[in-house]
Amino acid sequence: MACPARVICPTEGLPEGGKGARFAWPPAGGEGKGFVVRFAGEARAFVNRCPHLGVELDWEPGEFFEETGLYLVCSTHGAIFEPSTGLCVAGPCRGARLEAIAVEERDGLVQLIDDPPARPNGPGPSP
Ligand code: FES
């Protein structure tokens with residue numbers, strides 16, 4: 001049975017290149033955190049864990065962009081990430097990526113896609 005998508009925030013709560021929203025990740029428990037920001041008109045979500053040392057990125061809660069609003073930045077050592085891909089383009093973890101989280105915008109809400117569609121040619125049931 002499909003799980004309902006989980007609401008993170010209203011779409012209007014995510015300004016382009018501005019403050020993002022934090023949320024618990026994974027959705028079913030655990031101590032991790034995710035975050036979502038708006039970039040190039042789309043909601044982009046990632047696990048809030050820097051590939052360098054595993055710490056959270058935001059320099060204030062929900063603040064992930066550097067001053068131009070074009071890149072995400074890690075507050076600890078200043079690694080710079082592309083908001084569209086999560087790729088680190090400068091800093092100590094250059095070439096590594098933030099772990100992306102699937103989200104969608106529907107009915108004015110940014111929502112986690114907790115139950116991604118099954119792959120048509122995926123593995124069958126265990127014997
Ligand atoms: S912990 Fe993020 S750049 Fe070092």
# chains A, B, ... in the order shown; residues from 1 in each chain; ligands from 1
>>> residues_near_ligand(ligand="ligand 1", cutoff="9 Å", atoms="only C-alpha atoms and all ligand atoms", output="NGL selection string")
:A and (49-57 or 73-80 or 91-93)
>>> write_last_selection(atoms="N, CA, C and O atoms", output="compact mmCIF listing (two decimals), in the first residue's frame")
# COMPACT_ATOMS: atom_id res chain seq x y z
N ARG A 49 23.83 16.86 5.46
CA ARG A 49 25.07 16.26 5.93
C ARG A 49 26.17 16.57 4.93
O ARG A 49 26.14 16.14 3.78
N CYS A 50 27.16 17.30 5.37
CA CYS A 50 28.27 17.65 4.50
C CYS A 50 29.12 16.41 4.22
O CYS A 50 29.47 15.67 5.15
N PRO A 51 29.48 16.17 2.95
CA PRO A 51 30.31 15.00 2.64
C PRO A 51 31.70 15.07 3.27
O PRO A 51 32.38 14.05 3.37
N HIS A 52 32.13 16.23 3.71
CA HIS A 52 33.47 16.36 4.29
C HIS A 52 33.53 15.71 5.67
O HIS A 52 34.25 14.74 5.87
N LEU A 53 32.76 16.20 6.63
CA LEU A 53 32.82 15.67 7.99
C LEU A 53 31.49 15.18 8.53
O LEU A 53 31.39 14.80 9.69
N GLY A 54 30.46 15.24 7.72
CA GLY A 54 29.16 14.71 8.14
C GLY A 54 28.34 15.64 9.02
O GLY A 54 27.34 15.21 9.60
N VAL A 55 28.73 16.90 9.11
CA VAL A 55 27.98 17.84 9.94
C VAL A 55 26.87 18.50 9.10
O VAL A 55 26.87 18.44 7.88
N GLU A 56 25.92 19.15 9.78
CA GLU A 56 24.87 19.87 9.08
C GLU A 56 25.46 21.11 8.42
O GLU A 56 26.45 21.68 8.90
N LEU A 57 24.85 21.53 7.31
CA LEU A 57 25.43 22.60 6.52
C LEU A 57 25.03 24.00 6.98
O LEU A 57 25.83 24.93 6.90
N VAL A 73 26.26 26.45 0.74
CA VAL A 73 27.58 26.51 1.38
C VAL A 73 27.53 25.78 2.72
O VAL A 73 26.53 25.83 3.43
N CYS A 74 28.61 25.08 3.02
CA CYS A 74 28.73 24.44 4.33
C CYS A 74 29.30 25.46 5.30
O CYS A 74 30.34 26.07 5.03
N SER A 75 28.65 25.63 6.42
CA SER A 75 29.06 26.66 7.37
C SER A 75 30.35 26.30 8.10
O SER A 75 31.00 27.18 8.65
N THR A 76 30.76 25.04 8.08
CA THR A 76 31.93 24.65 8.87
C THR A 76 33.24 25.01 8.18
O THR A 76 34.10 25.68 8.76
N HIS A 77 33.42 24.58 6.93
CA HIS A 77 34.67 24.89 6.22
C HIS A 77 34.43 25.54 4.87
O HIS A 77 35.36 25.64 4.07
N GLY A 78 33.21 25.89 4.56
CA GLY A 78 32.94 26.69 3.37
C GLY A 78 32.85 25.93 2.05
O GLY A 78 32.95 26.55 0.99
N ALA A 79 32.64 24.62 2.08
CA ALA A 79 32.45 23.90 0.82
C ALA A 79 31.25 24.49 0.08
O ALA A 79 30.25 24.87 0.69
N ILE A 80 31.36 24.55 -1.25
CA ILE A 80 30.33 25.16 -2.10
C ILE A 80 29.69 24.06 -2.95
O ILE A 80 30.40 23.26 -3.57
N GLY A 91 36.08 23.50 -2.26
CA GLY A 91 36.21 23.19 -0.85
C GLY A 91 36.80 21.82 -0.63
O GLY A 91 37.17 21.12 -1.58
N PRO A 92 36.89 21.40 0.63
CA PRO A 92 37.61 20.17 0.97
C PRO A 92 36.96 18.89 0.45
O PRO A 92 37.64 17.86 0.41
N CYS A 93 35.69 18.91 0.06
CA CYS A 93 35.06 17.69 -0.45
C CYS A 93 34.70 17.86 -1.93
O CYS A 93 33.74 17.25 -2.42
>>> residues_around(residues="Gly13 in chain A", least_positions_apart="6", cutoff="10 Å", atoms="only C-alpha atoms", output="number ranges by chain")
A: 19-21, 37-38, 108-110
>>> residues_around(residues="Ala40 in chain A", least_positions_apart="6", cutoff="9 Å", atoms="only C-alpha atoms", output="list of chain:residue names")
A:Glu16, A:Gly17, A:Pro83, A:Ser84
>>> write_last_selection(atoms="C-alpha atoms", output="mmCIF file, in the first residue's frame")
data_model
loop_
_atom_site.group_PDB
_atom_site.id
_atom_site.type_symbol
_atom_site.label_atom_id
_atom_site.label_comp_id
_atom_site.auth_asym_id
_atom_site.auth_seq_id
_atom_site.Cartn_x
_atom_site.Cartn_y
_atom_site.Cartn_z
ATOM 1 C CA GLU A 16 14.185 31.525 -4.714
ATOM 2 C CA GLY A 17 17.762 31.355 -3.422
ATOM 3 C CA PRO A 83 21.864 23.598 -5.665
ATOM 4 C CA SER A 84 20.565 21.784 -8.730
#
>>> select_by_dssp(residues="range 63-123 of chain A", states="strand (DSSP E or B)", output="list in words")
Glu63, Phe65, Leu72, Val73, Ile80, Phe81, Leu87, Cys88, Val89, Ala90, Arg97, Ala100, Ile101, Val103, Glu104, Glu105, Arg106, Leu109, Val110, Gln111 and Leu112 of chain A
>>> closest_residue(among="A:Glu42, A:Val89, A:Glu82, A:Lys33", to="Glu104 in chain A", atoms="only C-alpha atoms")
A:Glu42
>>> closest_residue(among="A:Leu70, A:Glu105, A:Leu98, A:Ile8", to="Val47 in chain A", atoms="only C-alpha atoms")
A:Leu98
>>> decode(residues="range 53-98 of chain A", atoms="N, CA and C atoms", output="PDB file, in the first residue's frame")
ATOM      1  N   LEU A  53      32.755  16.198   6.632  1.00  0.00           N
ATOM      2  CA  LEU A  53      32.824  15.668   7.988  1.00  0.00           C
ATOM      3  C   LEU A  53      31.490  15.178   8.526  1.00  0.00           C
ATOM      4  N   GLY A  54      30.457  15.240   7.717  1.00  0.00           N
ATOM      5  CA  GLY A  54      29.161  14.713   8.143  1.00  0.00           C
ATOM      6  C   GLY A  54      28.340  15.640   9.020  1.00  0.00           C
ATOM      7  N   VAL A  55      28.728  16.899   9.112  1.00  0.00           N
ATOM      8  CA  VAL A  55      27.981  17.844   9.937  1.00  0.00           C
ATOM      9  C   VAL A  55      26.874  18.501   9.101  1.00  0.00           C
ATOM     10  N   GLU A  56      25.923  19.149   9.784  1.00  0.00           N
ATOM     11  CA  GLU A  56      24.875  19.872   9.080  1.00  0.00           C
ATOM     12  C   GLU A  56      25.464  21.113   8.418  1.00  0.00           C
ATOM     13  N   LEU A  57      24.847  21.526   7.312  1.00  0.00           N
ATOM     14  CA  LEU A  57      25.430  22.604   6.518  1.00  0.00           C
ATOM     15  C   LEU A  57      25.033  24.003   6.982  1.00  0.00           C
ATOM     16  N   ASP A  58      23.804  24.192   7.409  1.00  0.00           N
ATOM     17  CA  ASP A  58      23.272  25.555   7.573  1.00  0.00           C
ATOM     18  C   ASP A  58      24.018  26.386   8.612  1.00  0.00           C
ATOM     19  N   TRP A  59      24.216  27.651   8.262  1.00  0.00           N
ATOM     20  CA  TRP A  59      24.958  28.568   9.139  1.00  0.00           C
ATOM     21  C   TRP A  59      24.035  29.216  10.152  1.00  0.00           C
ATOM     22  N   GLU A  60      22.764  29.264   9.892  1.00  0.00           N
ATOM     23  CA  GLU A  60      21.690  29.550  10.841  1.00  0.00           C
ATOM     24  C   GLU A  60      20.618  28.552  10.450  1.00  0.00           C
ATOM     25  N   PRO A  61      19.733  28.162  11.342  1.00  0.00           N
ATOM     26  CA  PRO A  61      18.729  27.175  10.956  1.00  0.00           C
ATOM     27  C   PRO A  61      17.980  27.587   9.681  1.00  0.00           C
ATOM     28  N   GLY A  62      18.091  26.770   8.644  1.00  0.00           N
ATOM     29  CA  GLY A  62      17.395  27.025   7.378  1.00  0.00           C
ATOM     30  C   GLY A  62      18.148  27.893   6.400  1.00  0.00           C
ATOM     31  N   GLU A  63      19.323  28.383   6.779  1.00  0.00           N
ATOM     32  CA  GLU A  63      20.117  29.238   5.878  1.00  0.00           C
ATOM     33  C   GLU A  63      21.224  28.388   5.240  1.00  0.00           C
ATOM     34  N   PHE A  64      21.047  28.091   3.951  1.00  0.00           N
ATOM     35  CA  PHE A  64      21.961  27.195   3.238  1.00  0.00           C
ATOM     36  C   PHE A  64      22.701  27.884   2.096  1.00  0.00           C
ATOM     37  N   PHE A  65      22.160  28.982   1.575  1.00  0.00           N
ATOM     38  CA  PHE A  65      22.790  29.644   0.437  1.00  0.00           C
ATOM     39  C   PHE A  65      23.885  30.600   0.892  1.00  0.00           C
ATOM     40  N   GLU A  66      24.912  30.744   0.042  1.00  0.00           N
ATOM     41  CA  GLU A  66      25.867  31.820   0.281  1.00  0.00           C
ATOM     42  C   GLU A  66      25.226  33.128  -0.187  1.00  0.00           C
ATOM     43  N   GLU A  67      25.928  34.215  -0.077  1.00  0.00           N
ATOM     44  CA  GLU A  67      25.306  35.535  -0.211  1.00  0.00           C
ATOM     45  C   GLU A  67      24.707  35.834  -1.584  1.00  0.00           C
ATOM     46  N   THR A  68      25.195  35.190  -2.649  1.00  0.00           N
ATOM     47  CA  THR A  68      24.628  35.467  -3.971  1.00  0.00           C
ATOM     48  C   THR A  68      23.331  34.700  -4.214  1.00  0.00           C
ATOM     49  N   GLY A  69      23.068  33.681  -3.420  1.00  0.00           N
ATOM     50  CA  GLY A  69      21.894  32.845  -3.643  1.00  0.00           C
ATOM     51  C   GLY A  69      22.056  31.870  -4.793  1.00  0.00           C
ATOM     52  N   LEU A  70      23.287  31.684  -5.260  1.00  0.00           N
ATOM     53  CA  LEU A  70      23.533  30.794  -6.402  1.00  0.00           C
ATOM     54  C   LEU A  70      24.105  29.436  -5.980  1.00  0.00           C
ATOM     55  N   TYR A  71      24.664  29.372  -4.788  1.00  0.00           N
ATOM     56  CA  TYR A  71      25.281  28.121  -4.333  1.00  0.00           C
ATOM     57  C   TYR A  71      24.920  27.861  -2.871  1.00  0.00           C
ATOM     58  N   LEU A  72      24.897  26.573  -2.540  1.00  0.00           N
ATOM     59  CA  LEU A  72      24.774  26.168  -1.141  1.00  0.00           C
ATOM     60  C   LEU A  72      26.168  26.165  -0.538  1.00  0.00           C
ATOM     61  N   VAL A  73      26.259  26.454   0.742  1.00  0.00           N
ATOM     62  CA  VAL A  73      27.577  26.510   1.382  1.00  0.00           C
ATOM     63  C   VAL A  73      27.531  25.779   2.721  1.00  0.00           C
ATOM     64  N   CYS A  74      28.610  25.076   3.017  1.00  0.00           N
ATOM     65  CA  CYS A  74      28.730  24.439   4.328  1.00  0.00           C
ATOM     66  C   CYS A  74      29.298  25.457   5.302  1.00  0.00           C
ATOM     67  N   SER A  75      28.646  25.627   6.418  1.00  0.00           N
ATOM     68  CA  SER A  75      29.057  26.660   7.374  1.00  0.00           C
ATOM     69  C   SER A  75      30.348  26.303   8.095  1.00  0.00           C
ATOM     70  N   THR A  76      30.762  25.038   8.080  1.00  0.00           N
ATOM     71  CA  THR A  76      31.933  24.646   8.867  1.00  0.00           C
ATOM     72  C   THR A  76      33.244  25.012   8.175  1.00  0.00           C
ATOM     73  N   HIS A  77      33.420  24.584   6.926  1.00  0.00           N
ATOM     74  CA  HIS A  77      34.669  24.888   6.219  1.00  0.00           C
ATOM     75  C   HIS A  77      34.434  25.537   4.874  1.00  0.00           C
ATOM     76  N   GLY A  78      33.208  25.893   4.559  1.00  0.00           N
ATOM     77  CA  GLY A  78      32.940  26.689   3.365  1.00  0.00           C
ATOM     78  C   GLY A  78      32.848  25.930   2.055  1.00  0.00           C
ATOM     79  N   ALA A  79      32.640  24.620   2.082  1.00  0.00           N
ATOM     80  CA  ALA A  79      32.452  23.896   0.816  1.00  0.00           C
ATOM     81  C   ALA A  79      31.246  24.487   0.078  1.00  0.00           C
ATOM     82  N   ILE A  80      31.361  24.554  -1.250  1.00  0.00           N
ATOM     83  CA  ILE A  80      30.334  25.157  -2.099  1.00  0.00           C
ATOM     84  C   ILE A  80      29.693  24.062  -2.947  1.00  0.00           C
ATOM     85  N   PHE A  81      28.362  24.053  -2.995  1.00  0.00           N
ATOM     86  CA  PHE A  81      27.613  23.006  -3.704  1.00  0.00           C
ATOM     87  C   PHE A  81      26.659  23.635  -4.711  1.00  0.00           C
ATOM     88  N   GLU A  82      26.503  22.940  -5.845  1.00  0.00           N
ATOM     89  CA  GLU A  82      25.487  23.341  -6.818  1.00  0.00           C
ATOM     90  C   GLU A  82      24.115  22.966  -6.269  1.00  0.00           C
ATOM     91  N   PRO A  83      23.186  23.918  -6.209  1.00  0.00           N
ATOM     92  CA  PRO A  83      21.864  23.598  -5.665  1.00  0.00           C
ATOM     93  C   PRO A  83      21.053  22.670  -6.558  1.00  0.00           C
ATOM     94  N   SER A  84      21.361  22.633  -7.837  1.00  0.00           N
ATOM     95  CA  SER A  84      20.565  21.784  -8.730  1.00  0.00           C
ATOM     96  C   SER A  84      20.986  20.315  -8.662  1.00  0.00           C
ATOM     97  N   THR A  85      22.239  20.047  -8.294  1.00  0.00           N
ATOM     98  CA  THR A  85      22.738  18.670  -8.307  1.00  0.00           C
ATOM     99  C   THR A  85      23.299  18.208  -6.964  1.00  0.00           C
ATOM    100  N   GLY A  86      23.668  19.133  -6.096  1.00  0.00           N
ATOM    101  CA  GLY A  86      24.327  18.771  -4.844  1.00  0.00           C
ATOM    102  C   GLY A  86      25.814  18.529  -4.990  1.00  0.00           C
ATOM    103  N   LEU A  87      26.358  18.726  -6.202  1.00  0.00           N
ATOM    104  CA  LEU A  87      27.778  18.500  -6.433  1.00  0.00           C
ATOM    105  C   LEU A  87      28.609  19.578  -5.732  1.00  0.00           C
ATOM    106  N   CYS A  88      29.654  19.140  -5.030  1.00  0.00           N
ATOM    107  CA  CYS A  88      30.581  20.083  -4.410  1.00  0.00           C
ATOM    108  C   CYS A  88      31.561  20.569  -5.477  1.00  0.00           C
ATOM    109  N   VAL A  89      31.579  21.881  -5.711  1.00  0.00           N
ATOM    110  CA  VAL A  89      32.416  22.451  -6.767  1.00  0.00           C
ATOM    111  C   VAL A  89      33.628  23.192  -6.209  1.00  0.00           C
ATOM    112  N   ALA A  90      33.690  23.362  -4.899  1.00  0.00           N
ATOM    113  CA  ALA A  90      34.854  24.006  -4.274  1.00  0.00           C
ATOM    114  C   ALA A  90      34.871  23.648  -2.799  1.00  0.00           C
ATOM    115  N   GLY A  91      36.076  23.501  -2.263  1.00  0.00           N
ATOM    116  CA  GLY A  91      36.212  23.194  -0.846  1.00  0.00           C
ATOM    117  C   GLY A  91      36.803  21.815  -0.629  1.00  0.00           C
ATOM    118  N   PRO A  92      36.887  21.398   0.629  1.00  0.00           N
ATOM    119  CA  PRO A  92      37.608  20.174   0.973  1.00  0.00           C
ATOM    120  C   PRO A  92      36.964  18.891   0.448  1.00  0.00           C
ATOM    121  N   CYS A  93      35.695  18.913   0.063  1.00  0.00           N
ATOM    122  CA  CYS A  93      35.062  17.692  -0.453  1.00  0.00           C
ATOM    123  C   CYS A  93      34.697  17.857  -1.932  1.00  0.00           C
ATOM    124  N   ARG A  94      35.472  18.671  -2.638  1.00  0.00           N
ATOM    125  CA  ARG A  94      35.225  18.908  -4.064  1.00  0.00           C
ATOM    126  C   ARG A  94      35.071  17.584  -4.818  1.00  0.00           C
ATOM    127  N   GLY A  95      34.005  17.506  -5.639  1.00  0.00           N
ATOM    128  CA  GLY A  95      33.723  16.297  -6.396  1.00  0.00           C
ATOM    129  C   GLY A  95      32.738  15.360  -5.715  1.00  0.00           C
ATOM    130  N   ALA A  96      32.528  15.534  -4.401  1.00  0.00           N
ATOM    131  CA  ALA A  96      31.535  14.721  -3.683  1.00  0.00           C
ATOM    132  C   ALA A  96      30.153  15.364  -3.870  1.00  0.00           C
ATOM    133  N   ARG A  97      29.122  14.684  -3.447  1.00  0.00           N
ATOM    134  CA  ARG A  97      27.758  15.206  -3.620  1.00  0.00           C
ATOM    135  C   ARG A  97      26.973  15.116  -2.330  1.00  0.00           C
ATOM    136  N   LEU A  98      26.087  16.077  -2.152  1.00  0.00           N
ATOM    137  CA  LEU A  98      25.051  15.947  -1.141  1.00  0.00           C
ATOM    138  C   LEU A  98      24.099  14.849  -1.600  1.00  0.00           C
TER     139      LEU A  98
END
